[in-house]
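Report on the structure given below.
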Amino acid sequence: MASLKRWRQIGQGEFHKWDTPGDELEGLWRGPHDGRYGPLGTVETASGLVTFPLHTALIERLKRVREGADVLIRYTGRQTSKAGRVFKAFEVYVAGDDPLLAPAAMVADPPADWEAANGHDTHE
């Protein structure tokens with residue numbers, strides 16, 4: 001017999017969609033994880049945890065950032081690649097002297113959807 005209880009997940013914080021050029025998130029990078037519709041990232045801001053979709057351009061910039069590093073992520077708007085594809089572009093800034101992982105130490109076992117999303121921006 002199925003349970004009639006209504007379950008809701010707690011502790012995941014706020015969800016942020018990248019809609020407006022100039023949108024920024026600043027805080028401690030808590031890393032990537034799999035979401036229901038693709039890879040997600042989490043930043044611990046002054047107001048709590050904020051989770052957001054990891055678009056392809058953002059994955060490429062964040063995969064070398066150490067978890068726990070101070071980051072500033074800025075959405076710069078939609079751009080068109082040389083191949084004619086429209087994508088969401090980002091700037092990522094890190095604080096401190098050694099916030100990056102060495103290329104060989106980059107995420108050894110990324111979330112399953114990272115590779116799938118690498119060629120396709122599935123978050124509109």
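We name chains A, B, ... following the order of the structure tokens; residues begin at 1 in each chain, and ligands are numbered from 1 as shown.
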Using DSSP on the backbone, list every residue of range 12-109 of chain A that comes out as strand (DSSP E), and give them as a CSV table (one decimal) with N, CA and C atoms, in the first residue's frame.
chain,number,residue,atom,x,y,z
A,14,GLU,N,17.4,28.1,-2.2
A,14,GLU,CA,16.6,28.8,-3.3
A,14,GLU,C,17.1,28.3,-4.6
A,15,PHE,N,16.3,28.4,-5.6
A,15,PHE,CA,16.7,28.1,-7.0
A,15,PHE,C,16.8,29.3,-7.8
A,24,GLU,N,24.0,38.1,-10.8
A,24,GLU,CA,25.2,37.6,-10.2
A,24,GLU,C,24.9,36.8,-9.0
A,25,LEU,N,25.8,35.8,-8.7
A,25,LEU,CA,25.8,35.1,-7.4
A,25,LEU,C,27.2,35.2,-6.9
A,26,GLU,N,27.3,35.4,-5.6
A,26,GLU,CA,28.6,35.5,-4.9
A,26,GLU,C,28.5,34.7,-3.6
A,27,GLY,N,29.5,33.9,-3.4
A,27,GLY,CA,29.6,33.1,-2.2
A,27,GLY,C,30.6,31.9,-2.3
A,28,LEU,N,30.4,30.9,-1.5
A,28,LEU,CA,31.2,29.7,-1.5
A,28,LEU,C,30.7,28.7,-2.5
A,29,TRP,N,31.6,28.3,-3.4
A,29,TRP,CA,31.2,27.2,-4.4
A,29,TRP,C,31.1,25.9,-3.6
A,30,ARG,N,29.9,25.3,-3.7
A,30,ARG,CA,29.6,24.0,-3.0
A,30,ARG,C,29.6,22.8,-4.0
A,31,GLY,N,29.9,23.1,-5.3
A,31,GLY,CA,30.0,22.0,-6.2
A,31,GLY,C,28.8,21.7,-7.0
A,32,PRO,N,29.0,20.8,-8.0
A,32,PRO,CA,28.0,20.3,-8.9
A,32,PRO,C,27.2,19.1,-8.3
A,33,HIS,N,26.0,18.9,-8.8
A,33,HIS,CA,25.3,17.7,-8.5
A,33,HIS,C,24.2,17.5,-9.6
A,34,ASP,N,23.8,16.3,-9.7
A,34,ASP,CA,22.7,15.9,-10.7
A,34,ASP,C,21.4,16.5,-10.2
A,35,GLY,N,20.7,17.1,-11.1
A,35,GLY,CA,19.3,17.5,-10.9
A,35,GLY,C,18.3,16.7,-11.7
A,38,GLY,N,19.0,18.0,-15.4
A,38,GLY,CA,20.3,18.2,-15.8
A,38,GLY,C,21.2,18.6,-14.6
A,39,PRO,N,22.5,18.9,-14.9
A,39,PRO,CA,23.4,19.3,-13.9
A,39,PRO,C,23.1,20.6,-13.2
A,40,LEU,N,23.3,20.7,-11.9
A,40,LEU,CA,23.0,21.9,-11.1
A,40,LEU,C,24.3,22.2,-10.3
A,41,GLY,N,24.4,23.5,-9.9
A,41,GLY,CA,25.5,23.9,-9.1
A,41,GLY,C,24.9,24.6,-7.9
A,42,THR,N,25.7,24.7,-6.8
A,42,THR,CA,25.2,25.3,-5.6
A,42,THR,C,26.3,26.3,-5.1
A,43,VAL,N,25.8,27.5,-4.7
A,43,VAL,CA,26.7,28.5,-4.1
A,43,VAL,C,26.1,28.8,-2.7
A,44,GLU,N,26.9,28.9,-1.7
A,44,GLU,CA,26.4,29.3,-0.4
A,44,GLU,C,26.6,30.8,-0.3
A,45,THR,N,25.5,31.5,-0.3
A,45,THR,CA,25.6,33.0,-0.3
A,45,THR,C,25.3,33.5,1.1
A,48,GLY,N,22.0,32.3,2.3
A,48,GLY,CA,21.7,30.8,2.3
A,48,GLY,C,22.2,30.1,1.0
A,49,LEU,N,21.8,28.9,0.8
A,49,LEU,CA,22.2,28.1,-0.3
A,49,LEU,C,21.3,28.5,-1.6
A,50,VAL,N,22.0,28.7,-2.7
A,50,VAL,CA,21.3,29.0,-4.0
A,50,VAL,C,21.8,27.9,-5.0
A,51,THR,N,20.8,27.3,-5.6
A,51,THR,CA,21.1,26.2,-6.6
A,51,THR,C,20.7,26.8,-7.9
A,52,PHE,N,21.4,26.4,-9.0
A,52,PHE,CA,21.2,27.0,-10.3
A,52,PHE,C,21.6,26.0,-11.4
A,53,PRO,N,21.0,26.1,-12.6
A,53,PRO,CA,21.3,25.2,-13.7
A,53,PRO,C,22.8,25.5,-14.2
A,70,ASP,N,35.7,31.0,-2.7
A,70,ASP,CA,34.8,32.2,-3.0
A,70,ASP,C,34.7,32.4,-4.5
A,71,VAL,N,33.5,32.5,-5.0
A,71,VAL,CA,33.3,32.7,-6.4
A,71,VAL,C,32.3,33.9,-6.6
A,72,LEU,N,32.4,34.5,-7.7
A,72,LEU,CA,31.4,35.4,-8.2
A,72,LEU,C,31.1,35.0,-9.6
A,73,ILE,N,29.8,34.7,-9.8
A,73,ILE,CA,29.3,34.2,-11.2
A,73,ILE,C,28.4,35.3,-11.7
A,74,ARG,N,28.7,35.7,-12.9
A,74,ARG,CA,27.9,36.8,-13.6
A,74,ARG,C,27.4,36.2,-14.9
A,75,TYR,N,26.1,36.3,-15.1
A,75,TYR,CA,25.5,36.0,-16.4
A,75,TYR,C,25.6,37.2,-17.3
A,76,THR,N,26.2,37.0,-18.5
A,76,THR,CA,26.4,38.2,-19.4
A,76,THR,C,25.4,38.2,-20.5
A,77,GLY,N,24.6,37.2,-20.6
A,77,GLY,CA,23.5,37.2,-21.7
A,77,GLY,C,23.8,36.1,-22.7
A,78,ARG,N,22.9,36.1,-23.7
A,78,ARG,CA,23.0,35.2,-24.8
A,78,ARG,C,24.0,35.6,-25.8
A,79,GLN,N,24.7,34.7,-26.3
A,79,GLN,CA,25.7,35.0,-27.4
A,79,GLN,C,25.6,33.9,-28.5
A,80,THR,N,26.1,34.2,-29.6
A,80,THR,CA,26.1,33.2,-30.7
A,80,THR,C,27.5,32.7,-31.0
A,86,VAL,N,23.2,29.6,-30.4
A,86,VAL,CA,23.0,30.5,-29.3
A,86,VAL,C,23.2,29.8,-28.0
A,87,PHE,N,23.9,30.5,-27.1
A,87,PHE,CA,24.2,29.9,-25.8
A,87,PHE,C,24.2,31.0,-24.7
A,88,LYS,N,24.1,30.6,-23.4
A,88,LYS,CA,24.1,31.6,-22.3
A,88,LYS,C,25.6,31.7,-21.9
A,89,ALA,N,26.1,32.9,-21.8
A,89,ALA,CA,27.5,33.2,-21.5
A,89,ALA,C,27.6,33.7,-20.1
A,90,PHE,N,28.8,33.3,-19.4
A,90,PHE,CA,29.0,33.7,-18.1
A,90,PHE,C,30.5,34.1,-17.9
A,91,GLU,N,30.6,34.9,-16.8
A,91,GLU,CA,32.0,35.2,-16.3
A,91,GLU,C,32.1,34.7,-14.9
A,92,VAL,N,33.2,34.0,-14.6
A,92,VAL,CA,33.4,33.5,-13.3
A,92,VAL,C,34.7,34.0,-12.7
A,93,TYR,N,34.6,34.6,-11.5
A,93,TYR,CA,35.7,35.1,-10.8
A,93,TYR,C,35.9,34.3,-9.5
A,94,VAL,N,37.2,34.2,-9.1
A,94,VAL,CA,37.5,33.5,-7.9
A,94,VAL,C,38.4,34.4,-7.0
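When only C-alpha atoms are used to compute distances to Gly68 in chain A, the closest of the residues A:Gly84, A:Gly96, A:Gly22, A:Gly13 turns out to be A:Gly96.
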Quiz item: CA of His16 in chain A and CA of Arg61 in chain A are how many Å apart?
Solution: 18.0 Å
